[in-house]
Amino acid sequence: MAKRKLKSKGSDERFIEEFRAVIDSSTSLSMYNEKRRSVCVIRKNLAKDYEIEVDSSEAPVLNTILESPQPFESSMANLNILEVEIFPLIDAFKNTFGEEKELKLRSIKLAVGGSNNDYVTIREKDLIKFDVKPTLSGLRDFIKENNDSILGFLDSEYISEEGNVIYLKCEKRDVSDNIYSVKIMILASMQQRGYFLQQEHKYYGLQLFIIIESRKPNDDKLLGFIKELGIDWEYIFFRRRLAIHDWTEIECQTNSDNLKSFLRVKYDTLNYFDINNIIRLIDKNNLPFNVADKMGSLLFKMKSERSLQLQDKKNYDNLRYDDSLNNGSVQSIDEYSLTLKKAEIAAAAKIACAYLGVQKQITVDRDISDAEILKYQEELTNF
C-alpha cells in the first residue's frame, strides 16, 4: 500500500475543509472553507418531480440586435415548484435569523394569462408597480392572491459565460454577524443538459440552490438554518468524522510508517527516539491503533508535565545559587529535546490497554524493571 502523509487539522476544519454529502436521491450538501470565508451549497434536483415546458424563443433575431445574448429556448416552470420548494424557505429563514429579516427578490418572470398560448410576462420590477414588496414574502402573497391567472414562471436571465439560465434569484446580505449572505436560486445549466437528457429524459433540468456564505464554518446560525431546512447536519458531520477516523486507523494499522507519521504530527513533542520506542513496543506486542493513540496522548501529557517540573527546578536553582544568572528570566524547557524512558512508554501501554479494555500481557525488554513501570503507571494515572 502506498504511504500517505497525514496532516494535522484543527477540530473546526476537520469536517469543513471540503466535502460533499448526499442527503437523498435528489439533494446534496457541499461545504468549502477558504481563509476568511466558508461556503455551504445545498442543491436539490427538481427535474425528477416537476415538469417544464420548452418552446423556441426570439433569440435568432434578438441576439443580432441586443448586446446580451438570450437563450434559444423559452421555458416555463410549474408554479408548484415555488409553492412546495421555495415558499417554505421563508419560515425557515425567519425562524433562524429573525422575523424582521427578508429575502430580497432579485429576479423572477411570471407568466400571467389564460393558457400557455395566451399570456403576458411580469418581472420583479413590474411587481413593485403593483405595490408588491420586492421580497420573497411579497412574491408569495402576490401569487396567492392571483393564483388563478398565474400559469408559471419563466427563464428570467441567461448568463452565457456560465451557461446558466436563471428562473428565480433572491438573497439577503449581512444576515448576521458571521453570515455574509444567503442566496436562493433556481437555474438550469446548459453545461449539464447532457446529464438530464440521459438520466431524466428531459431537455432542461431545473435545480434549486441555497448558497450560504459565512465567516466561519461552524456558526450556530448557519447550522441552525441547515437544520430548519430538514437536514440533520449533526448526523452528517458525525458520519464523516467516523469515516476519517476509520481511514486513519486502517492506514496506521496496515503500515507502521503511517503510524509514525500520525504520532509525529498529532503529538508534536514526541521526538524521533520516543516514537521509535513506541512503535517497537507496539509491534512487539501487536497492539491495535487505538492503544497507540492513547499511549501518544498519555506520553504527550507526561512530557509537558516533565518539562514544567524541570523548568521549575532550574529556575529555583538559578535563584538559589546565582541570582544574576539569566538576569532572573524564566527559561522554558524544550519538551521535544526530552526523551522518554522505555519504562515510561511501557507504563503508558499498560494504562492504555486497561483504559480501552484491551486484554493484553505487555512484553517489555529485560532491562526494564517492574518496579520502575509501576512507578510511572502511578504518575500517568494522575494526569
# chains A, B, ... in the order shown; residues from 1 in each chain; ligands from 1
>>> residues_around(residues="Lys301 of chain A", least_positions_apart="5", cutoff="12 Å", atoms="only C-alpha atoms", output="VMD selection string")
chain A and resid 267 to 270 294 to 296 306 to 308 335 340 344 348 379 to 383
>>> select_by_dssp(residues="segment 183-232 of chain A", states="helix (DSSP H, G or I)", output="PyMOL selection string")
chain A and resi 190-199+220-228
>>> select_by_dssp(residues="segment 7-167 of chain A", states="strand (DSSP E or B)", output="ChimeraX atom specification")
/A:18-22,27-33,38-45,52-56,73-78,104-115,118-123,135,150-154,157-159,164-167
>>> atom_distance(atom1="atom CA of Ser337 of chain A", atom2="atom CA of Arg264 of chain A")
13.9 Å
>>> residues_around(residues="segment 181-186 of chain A", least_positions_apart="4", cutoff="9 Å", atoms="only C-alpha atoms", output="tab-separated table (two decimals) with C-alpha atoms, in the first residue's frame")
chain	number	residue	atom	x	y	z
A	86	ILE	CA	-39.37	27.87	-2.25
A	103	LEU	CA	-35.02	37.66	1.38
A	165	VAL	CA	-30.47	30.01	-17.23
A	166	ILE	CA	-31.86	31.68	-14.08
A	167	TYR	CA	-35.54	31.29	-13.19
A	168	LEU	CA	-35.53	32.70	-9.65
A	169	LYS	CA	-32.96	34.57	-7.64
A	170	CYS	CA	-33.29	36.10	-4.20
A	171	GLU	CA	-30.80	36.92	-1.49
A	172	LYS	CA	-30.10	38.65	1.79
A	173	ARG	CA	-26.74	40.20	2.58
A	174	ASP	CA	-25.27	40.86	6.05
A	175	VAL	CA	-27.69	38.40	7.58
A	176	SER	CA	-25.90	38.19	10.94
A	206	LEU	CA	-34.07	22.61	-13.07
A	207	GLN	CA	-32.08	22.71	-9.84
A	208	LEU	CA	-32.62	24.57	-6.59
A	209	PHE	CA	-29.51	26.07	-4.99
A	210	ILE	CA	-29.22	27.52	-1.49
A	211	ILE	CA	-25.82	29.20	-1.00
A	212	ILE	CA	-24.72	30.40	2.45
A	213	GLU	CA	-21.51	32.41	2.80
A	214	SER	CA	-20.24	32.75	6.36
>>> residues_around(residues="Asp148 of chain A", least_positions_apart="5", cutoff="10 Å", atoms="only C-alpha atoms", output="list of chain:residue names")
A:Val112, A:Gly113, A:Gly114, A:Ile143
